[in-house]
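Okay, structure first, notes after.
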Amino acid sequence: MNSGLGVLIVGGYGTFGGRIVELLENEPRLVLYIAGRSLDRACAYCETRGKAKAKLVPTIFNRDGDLSAHLVALRPHVLVDASGPFQTYGQGRYRVIEACIAHGIHYLDLADGSDFVEGVHAFDPAARRAGVFVLSGVSSFPVLTAAAVRRLSADMARVTAIRGGIAPSPYAGVGTNVICAIAGYAGQPCRLRRSGRPAVGHPFTDHMRFTIAPPGRLPLRNTLFSLVDVPDLRALAGLWPEADSIWMGAGPVPESLHRALAALAWLVRLRLVRSLLPLAPLMHLASNRLAWGEHRGGMFVEVEGVLASGASTQRSWHLLAEGDDGPLIPSMAVDALVRKVLEGQTPPVGARAAVRDLELDDYEKLFASRTIHVGTRNAEDDGASLYARLLGAAWQDLPAEIRDMHDVDDAASAEGRASVQRGTGLLARLVAAAIGFPRATADTPVNVQFNTVGEAETWTRTFGSESFSSRQFAGRGRSERLLCERFGPLTFAMALVPEEGRLRLRPARWSAFGVPLPMWLCPRTASYESAEDGRFCFHVEISHPLTGLIVRYRGWLVRTR
């Protein structure tokens, strides 16, 4: 018998089980039983975790075998089922839950199948009698989504619509069980709510686009999300029965592979093929071998509702994860619950979907030590100035001098001094002349006129006697959450990113005459705004590999009206 709180992780050397171990192994009060059908694989996995502070014990566990013998021998305090795919379990699919209740062992699983999670409620009376908790669906869907909806709707009198989605990094590494689950339900009918009534959806044939953009962070690329059959479609309906529609999606990338999956799902929906399960091995190979793009992932939850005043509102919660931290998020609910048990905060007994057992505060404690950033955006902020709308909550973190310069209602002007450097090459001079950039000078007076028409701002910059203009506006569609600036036929979409007291403008997309162009052809820019000696300061540098420096101008401004 090992000392410490015993946690038996079924599928402990698999994709999700391994991530649970990675999250929990720094806790010396735990004994983690790394379980699966192969003792050799369990032993090999444990040998790779040489820095673990928890005690790791490899063991065999066969969910189709003598469960009582397994559990009596190990006597864990908590069992975590991280195997699956739960959608494919046939008769006896709840054998592990029944065995845990019989032996007084708490149970958690990462089930992502709607039917499986919904069926767990039938074990509530038995779990209560045994004094154990049985929590199903302990993952981002539906635990994190439910927590986000609660925060977003805290002051709403009624929730009318809920949407959400997960966009994993292309390098996240997708396990075989996840692919089998997707292949099993893609194109098949699933239950959801639309227009206030029960309806039928078909996963991966119903789509929406969304840009995940926590305020003050570089947004993810605008992402295509497709409907998925996850527990949220029913679990959230139980928490917010007044909601007219509930929709959850996934945004796998690269988008070309995503669209190929959608095309195959339509074959199932049209009953031209029975299921995509025979293609699961090929899908797994493609998703793990054909990966390109940024190693970033994210998640969003959007809620529409009615405030106590009767006004309608829309709010969204955004999560952005950099690098290898993103794939850990689906396993963080288990991490948080096990640590609660360690601290004597055991969840209430009973069997249920785990949609009430964690809040965003629990997650944010875990996010703090990772490169995971979250934030909210509210429709109530839509009346603010252009830059304030794009930055959301991050607007107030900027120096007052920057906020004052961009707080434009109708018209404004500013004056100051600037220096200008110009590229000397022929191409650089031609580009600068075509846009109207000023000539080189060590010091010149500068005046900027801001004029707002609708939701766009026209900036007219005058350096000495030379002027050039651009039009700035909030991006739409693929450029959502980006600041777009148009110089004649060229439009540049840039992310507004506050960093160490500066506001940086980072190019994300560009186009000519409305036609998108590849970023490797885009001019390079190093542009930022700052505050020095109580004045607004600017630094703009534009270059290109073919031309070298095109223009660099920097200086300061003060508002004159």
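Quick note on naming: the chains in the structure tokens go A, B, ... in the order shown, residues restart at 1 in each chain, and ligands are numbered from 1 in order of appearance.
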List every residue of segment 307-361 of chain A that has an atom at most 7 Å from any atom of segment 5-23 of chain A, and for each one report the closest atom pair and its distance in Å to one decimal, counting only C-alpha atoms, with rows sorted by chain and then by increasing residue number, as JSON lines.
```
{"residue": "A:Leu328", "atom": "CA", "partner": "A:Arg19", "partner_atom": "CA", "distance": 6.0}
{"residue": "A:Ser331", "atom": "CA", "partner": "A:Ile20", "partner_atom": "CA", "distance": 5.6}
{"residue": "A:Asp335", "atom": "CA", "partner": "A:Leu23", "partner_atom": "CA", "distance": 6.4}
```
For Leu74 of chain A, please output as a compact mmCIF listing (two decimals) with N, CA, C and O atoms, in the first residue's frame all residues within 12 Å (counting only C-alpha atoms; exclusion window: fewer than 6 positions along the same chain).
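Result file out.txt:
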```txt
# COMPACT_ATOMS: atom_id res chain seq x y z
N MET A 1 0.85 -1.20 0.00
CA MET A 1 0.00 0.00 0.00
C MET A 1 0.88 1.24 0.00
O MET A 1 1.75 1.40 0.84
N ASN A 2 0.69 2.13 -0.97
CA ASN A 2 1.49 3.34 -1.07
C ASN A 2 0.86 4.47 -0.27
O ASN A 2 -0.36 4.62 -0.23
N SER A 3 1.70 5.30 0.38
CA SER A 3 1.20 6.47 1.09
C SER A 3 0.90 7.56 0.08
O SER A 3 1.50 7.64 -0.98
N LEU A 5 -2.40 10.27 -1.67
CA LEU A 5 -3.69 10.13 -2.31
C LEU A 5 -3.52 9.40 -3.63
O LEU A 5 -2.83 9.88 -4.52
N GLY A 6 -4.17 8.26 -3.76
CA GLY A 6 -4.01 7.45 -4.97
C GLY A 6 -4.97 7.86 -6.07
O GLY A 6 -6.18 7.97 -5.86
N VAL A 7 -4.43 8.10 -7.26
CA VAL A 7 -5.23 8.46 -8.44
C VAL A 7 -4.91 7.46 -9.54
O VAL A 7 -3.78 7.40 -10.03
N LEU A 8 -5.89 6.66 -9.91
CA LEU A 8 -5.73 5.66 -10.97
C LEU A 8 -6.14 6.31 -12.29
O LEU A 8 -7.29 6.73 -12.46
N ILE A 9 -5.20 6.44 -13.23
CA ILE A 9 -5.46 7.08 -14.51
C ILE A 9 -5.53 6.01 -15.59
O ILE A 9 -4.51 5.46 -16.01
N VAL A 31 -0.06 9.65 -5.43
CA VAL A 31 0.41 8.41 -6.05
C VAL A 31 -0.40 8.24 -7.33
O VAL A 31 -1.62 8.10 -7.28
N LEU A 32 0.27 8.30 -8.46
CA LEU A 32 -0.40 8.21 -9.75
C LEU A 32 -0.19 6.82 -10.34
O LEU A 32 0.94 6.43 -10.64
N TYR A 33 -1.28 6.07 -10.47
CA TYR A 33 -1.22 4.75 -11.08
C TYR A 33 -1.41 4.91 -12.59
O TYR A 33 -2.48 5.31 -13.06
N ILE A 34 -0.36 4.66 -13.35
CA ILE A 34 -0.39 4.82 -14.80
C ILE A 34 -0.87 3.50 -15.38
O ILE A 34 -0.12 2.52 -15.44
N ALA A 35 -2.14 3.48 -15.81
CA ALA A 35 -2.79 2.21 -16.13
C ALA A 35 -3.18 2.12 -17.60
O ALA A 35 -3.52 3.13 -18.24
N VAL A 57 3.29 4.80 -10.52
CA VAL A 57 3.26 3.34 -10.43
C VAL A 57 2.62 2.78 -11.70
O VAL A 57 1.42 2.97 -11.93
N PRO A 58 3.37 2.09 -12.55
CA PRO A 58 2.77 1.49 -13.75
C PRO A 58 1.95 0.26 -13.37
O PRO A 58 2.32 -0.50 -12.47
N THR A 59 0.83 0.09 -14.05
CA THR A 59 -0.02 -1.05 -13.72
C THR A 59 -0.90 -1.40 -14.92
O THR A 59 -1.10 -0.59 -15.82
N ILE A 60 -1.41 -2.61 -14.92
CA ILE A 60 -2.33 -3.06 -15.96
C ILE A 60 -3.76 -2.75 -15.53
O ILE A 60 -4.12 -2.91 -14.36
N PHE A 61 -4.58 -2.30 -16.47
CA PHE A 61 -6.00 -2.11 -16.22
C PHE A 61 -6.74 -2.39 -17.51
O PHE A 61 -6.52 -1.70 -18.52
N LEU A 67 -12.79 -5.97 -13.14
CA LEU A 67 -12.58 -4.64 -12.58
C LEU A 67 -12.44 -4.67 -11.06
O LEU A 67 -11.65 -3.92 -10.48
N SER A 68 -13.22 -5.51 -10.42
CA SER A 68 -13.14 -5.58 -8.96
C SER A 68 -11.75 -5.98 -8.50
O SER A 68 -11.20 -5.42 -7.55
N HIS A 103 -17.14 -0.03 -5.00
CA HIS A 103 -15.98 -0.06 -4.12
C HIS A 103 -15.70 1.29 -3.45
O HIS A 103 -14.63 1.47 -2.85
N ILE A 105 -15.16 4.36 -4.69
CA ILE A 105 -14.06 5.11 -5.31
C ILE A 105 -14.65 6.27 -6.13
O ILE A 105 -15.57 6.08 -6.92
```
* Compare A:Ala213, A:Leu239, A:Ala321, A:Ala308 by their minimum atom-to-atom distance to Leu496 of chain A, counting only C-alpha atoms, and give me the closest one. =>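 So, comparing all the options, the nearest one is A:Ala213.
Interatomic distance, atom CA of Tyr363 of chain A against atom CA of His106 of chain A: 21.1 Å.
Pairwise distance (atom CA of Leu483 of chain A, atom CA of Gly165 of chain A) equals 23.8 Å.
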